[in-house]
2 protein chains.
Amino acid sequence: MLKEIPSKEDIIDAANIIQEKAHRTPILSSTAINSMFGCTILFKCENFQKAGAFKFRGAYYTLRSLTRDELEKGVATHSSGNHAAALALSAKLLNSKAYIVMPETAPQIKKNAVRSYDAEIYFCQPTLKSRIEKVEEVISKTGATFIHPYDNYSIIAGQATCAFEVFDEIKDADYIIAPVGGGGLLSGTSLSAKYFSPRTKVIGAEPAGADDSYRSIRDGYIHPSVNPNTICDGLLTQLSEKTFNIIKNNVHRILTCSDESVIESMRLIWERMKIIVEPSAAITLAAIKENQIFFKKKKVVCILSGGNLDLNRLPWNS
Amino acid sequence: MLKEIPSKEDIIDAANIIQEKAHRTPILSSTAINSMFGCTILFKCENFQKAGAFKFRGAYYTLRSLTRDELEKGVATHSSGNHAAALALSAKLLNSKAYIVMPETAPQIKKNAVRSYDAEIYFCQPTLKSRIEKVEEVISKTGATFIHPYDNYSIIAGQATCAFEVFDEIKDADYIIAPVGGGGLLSGTSLSAKYFSPRTKVIGAEPAGADDSYRSIRDGYIHPSVNPNTICDGLLTQLSEKTFNIIKNNVHRILTCSDESVIESMRLIWERMKIIVEPSAAITLAAIKENQIFFKKKKVVCILSGGNLDLNRLPWNS
């Protein structure tokens, strides 16, 4: 695993390696949405990525950097979301074993996704303490390698390959917007912009009800995420040391968005583009919707980070 | 407008003309769905077509064949579905005017779609008699040209361009499956198979609760569609003289599917492929689901005909 902030060469290496199994996702656009917002929006569709989210990039690249012996002992993480599914699938593809710690309260659909990739689930209480204890227990029992969802330079290099692919195709983007939760995707995106498209400014989109990253960058230290309240279930976590430092130095702005805008943007993408994205992905369009003058006539890339959600519980049906 | 069954050259001509405005839609596949059904399925994604359905192909091509004078007087049709929206958009793009007759009872979402393309809506009672009277009234008042949704060789040639694109990319398909309602898409698909991929057998997929086409082909004459009962709201109509004759001679089989299979197939496409398709499109996968031995190890193209539906009323939420 990488020990330092990923270099240009590290990201190129990651892009080459994940090609083995990851999809090169398409970049789509909608004339209707463009004319609605008065700018040119290019959607990088990570909802079409393996396991339904960009997380596969980081997980697969990180596991590919482990030794055969490490892979045999397996990998462990705590997550109930897209990282867990991505790690489980990556482990399966590399004949390793994934141990996933998730709260008993996690939605059935997420347990099913992880199980469908043959991972072993360990349940904990829905507290930070219980989660960490359970992971440590699993690791001491199995010898598995811990793979943090984002406080890991290899994970960050893997997530950076998404924007690397964007800049391979789009040479003149004014902005690229990535959602920000723990900051893995946003920090990777900002490194790729720095190395491969320095004219493109990087924006983080964050729920107003979980705006710890916004406050952290403003204040210069990491605010914890306390009682986040948002529909964006992938963006509840807080920045880590590694992601904070990269974001602080390479991201232009963090824009916060209301859940109402997120839901409207999500519905717009579903209706106009006929693709399924989760709230945490639609927030990138919500950032444009809430800042239309700022983005007027610009060329903007929105990373649609994933498409995993419970189709029985759509926000406009509740 | 074409006066005879479209020839090979007519379809090539239509393909060239619609290129001006239609999307060349992608062909997608899902390893998960393939392994579930034991065959190779290629989905032609007309849900990404302009106005959200293949209908734009026929409507645009037909309007392009009208004279400047005819376009000035406008075009008329009776439809509350995808043909109405496609005709309205085509008229708008060609500086013509569309007059759409639809029952007062049509869902608001469909009225909105047609209005959003600046068409004029005339309401009728939800009976065949009222519909025809109202269209005649509109035509005599405006001098508009009547564009039948499928009993029209130019419409059929336009719909045929969908399979034309498929066979341009896929040279060795064993089967191609199209939904069948009035038979415009199925008859066009069967002509393209005959001209451009004669080894590919053409299958129609029809709701069991609206199986008039199945019975018509079996019995050798057109059965009317009486009280159809299915979730596939795009497949309620019956074959016409023109579509019946083409289908009779060029379609291998019509397979009927239960609404239950349609809903399961639709959900599978949404969940696994992260794309939005309507029930009338998902029926092509339902045909495979209900006939897995028949399609075992074959290469099968499913035409996903459209993606227009009310997101407030999903079948699994009712």
# chains A, B, ... in the order shown; residues from 1 in each chain; ligands from 1
>>> select_by_dssp(residues="segment 160-288 of chain A", states="alpha helix (DSSP H)", output="PyMOL selection string")
chain A and resi 160-169+184-196+212-219+241-250+259-273+279-288
>>> interface_residues(of="chain B", to="chain A", cutoff="6 Å", atoms="only C-alpha atoms", output="PDB file with C-alpha atoms, in the first residue's frame")
ATOM      1  CA  LYS B 274     -28.939   1.245 -13.067  1.00  0.00           C
ATOM      2  CA  ILE B 275     -31.084   2.313 -15.985  1.00  0.00           C
ATOM      3  CA  ILE B 276     -34.750   3.230 -16.023  1.00  0.00           C
TER       4      ILE B 276
END
>>> atom_distance(atom1="atom CA of Lys8 of chain B", atom2="atom CA of Ala205 of chain B")
24.3 Å
>>> residues_around(residues="Leu63 of chain A", least_positions_apart="6", cutoff="10 Å", atoms="only C-alpha atoms", output="list in words")
Met1, Glu70, Leu71, Gly74, Val75, Leu87, Ser90, Ala91, Leu93, Leu94, Ser96, Thr145, Ile147, Ser154 and Ile155 of chain A
>>> select_by_dssp(residues="segment 18-237 of chain A", states="strand (DSSP E or B)", output="ChimeraX atom specification")
/A:27-28,40-45,53,75-78,98-103,120-124,145-146,175-179,201-207
>>> residues_around(residues="Ile263 of chain A", least_positions_apart="3", cutoff="10 Å", atoms="only C-alpha atoms", output="PyMOL selection string")
chain A and resi 231-232+258-260+266-269+278-280+282-283+286+314-316
>>> write_last_selection(atoms="C-alpha atoms", output="mmCIF file, in the first residue's frame")
data_model
loop_
_atom_site.group_PDB
_atom_site.id
_atom_site.type_symbol
_atom_site.label_atom_id
_atom_site.label_comp_id
_atom_site.auth_asym_id
_atom_site.auth_seq_id
_atom_site.Cartn_x
_atom_site.Cartn_y
_atom_site.Cartn_z
ATOM 1 C CA ILE A 231 -30.708 11.744 2.865
ATOM 2 C CA CYS A 232 -27.178 11.291 1.442
ATOM 3 C CA SER A 258 -30.105 21.105 0.998
ATOM 4 C CA ASP A 259 -31.681 17.658 0.919
ATOM 5 C CA GLU A 260 -34.586 19.216 -0.960
ATOM 6 C CA MET A 266 -31.955 13.133 -8.301
ATOM 7 C CA ARG A 267 -35.425 13.067 -9.772
ATOM 8 C CA LEU A 268 -34.308 15.255 -12.671
ATOM 9 C CA ILE A 269 -31.480 12.843 -13.497
ATOM 10 C CA GLU A 278 -28.339 7.602 -5.402
ATOM 11 C CA PRO A 279 -28.799 10.827 -3.414
ATOM 12 C CA SER A 280 -25.069 11.030 -2.600
ATOM 13 C CA ALA A 282 -27.184 13.635 -7.257
ATOM 14 C CA ILE A 283 -25.733 16.166 -4.809
ATOM 15 C CA ALA A 286 -27.711 20.009 -6.592
ATOM 16 C CA LEU A 314 -37.679 6.399 -2.910
ATOM 17 C CA PRO A 315 -37.505 9.866 -1.380
ATOM 18 C CA TRP A 316 -40.457 11.172 -3.388
#
>>> residues_around(residues="Val202 of chain A", least_positions_apart="2", cutoff="6 Å", atoms="only C-alpha atoms", output="PyMOL selection string")
chain A and resi 175-176+190+251-252
>>> residues_around(residues="Ser79 of chain B", least_positions_apart="3", cutoff="10 Å", atoms="only C-alpha atoms", output="ChimeraX atom specification")
/B:76,82-85,87,100-103,106,110,131,148-149
>>> write_last_selection(atoms="C-alpha atoms", output="short mmCIF file (atom, residue, chain, number, x, y, z; two decimals), in the first residue's frame")
data_model
loop_
_atom_site.label_atom_id
_atom_site.label_comp_id
_atom_site.auth_asym_id
_atom_site.auth_seq_id
_atom_site.Cartn_x
_atom_site.Cartn_y
_atom_site.Cartn_z
CA ALA B 76 -52.24 15.07 -35.90
CA ASN B 82 -44.81 7.73 -26.40
CA HIS B 83 -45.94 8.27 -30.01
CA ALA B 84 -47.67 11.50 -28.99
CA ALA B 85 -44.55 12.86 -27.30
CA LEU B 87 -44.60 13.36 -32.77
CA ILE B 100 -52.64 15.42 -30.17
CA VAL B 101 -55.96 13.84 -29.32
CA MET B 102 -55.93 12.06 -25.98
CA PRO B 103 -58.57 10.91 -23.53
CA ALA B 106 -54.81 10.22 -19.57
CA LYS B 110 -48.31 12.21 -20.22
CA ARG B 131 -61.17 9.49 -30.41
CA HIS B 148 -51.03 6.86 -37.38
CA PRO B 149 -48.81 5.48 -34.60
#
>>> residues_around(residues="Thr105 of chain B", least_positions_apart="4", cutoff="10 Å", atoms="only C-alpha atoms", output="JSON, numbers by chain")
{"B": [80, 111, 123, 124, 125, 126]}
>>> atom_distance(atom1="atom CA of Ala15 of chain A", atom2="atom CA of Thr161 of chain A")
5.3 Å
>>> atom_distance(atom1="atom CA of Lys3 of chain A", atom2="atom CA of Glu20 of chain A")
23.5 Å
>>> closest_residue(among="A:Phe43, A:Phe244, A:Tyr122, A:Tyr99", to="Gly181 of chain A", atoms="only C-alpha atoms")
A:Phe244
>>> closest_atom_pairs(of="segment 64-167 of chain A", to="segment 182-186 of chain A", cutoff="8 Å", atoms="only C-alpha atoms", output="tab-separated table")
residue	atom	partner	partner_atom	distance
A:Pro149	CA	A:Gly184	CA	7.6
A:Tyr150	CA	A:Gly184	CA	4.7
A:Asp151	CA	A:Gly184	CA	7.3
A:Ile155	CA	A:Gly184	CA	7.2
A:Ile156	CA	A:Gly184	CA	5.3
A:Gln159	CA	A:Leu185	CA	5.3
A:Ala160	CA	A:Leu185	CA	6.7
>>> write_last_selection(atoms="N, CA and C atoms", output="CSV table (one decimal), in the first residue's frame")
chain,number,residue,atom,x,y,z
A,149,PRO,N,-11.9,2.9,4.6
A,149,PRO,CA,-12.6,3.3,3.4
A,149,PRO,C,-12.0,4.5,2.7
A,150,TYR,N,-11.2,5.3,3.4
A,150,TYR,CA,-10.6,6.5,2.7
A,150,TYR,C,-9.3,7.0,3.3
A,151,ASP,N,-9.0,6.7,4.6
A,151,ASP,CA,-7.8,7.2,5.2
A,151,ASP,C,-6.6,6.3,4.8
A,155,ILE,N,-6.2,3.7,-1.5
A,155,ILE,CA,-7.6,3.9,-1.8
A,155,ILE,C,-7.8,5.2,-2.5
A,156,ILE,N,-7.1,6.3,-2.1
A,156,ILE,CA,-7.2,7.6,-2.7
A,156,ILE,C,-6.7,7.5,-4.1
A,159,GLN,N,-9.4,5.9,-6.2
A,159,GLN,CA,-10.6,6.8,-6.5
A,159,GLN,C,-10.1,7.9,-7.5
A,160,ALA,N,-8.9,8.3,-7.5
A,160,ALA,CA,-8.4,9.3,-8.4
A,160,ALA,C,-8.5,8.9,-9.9
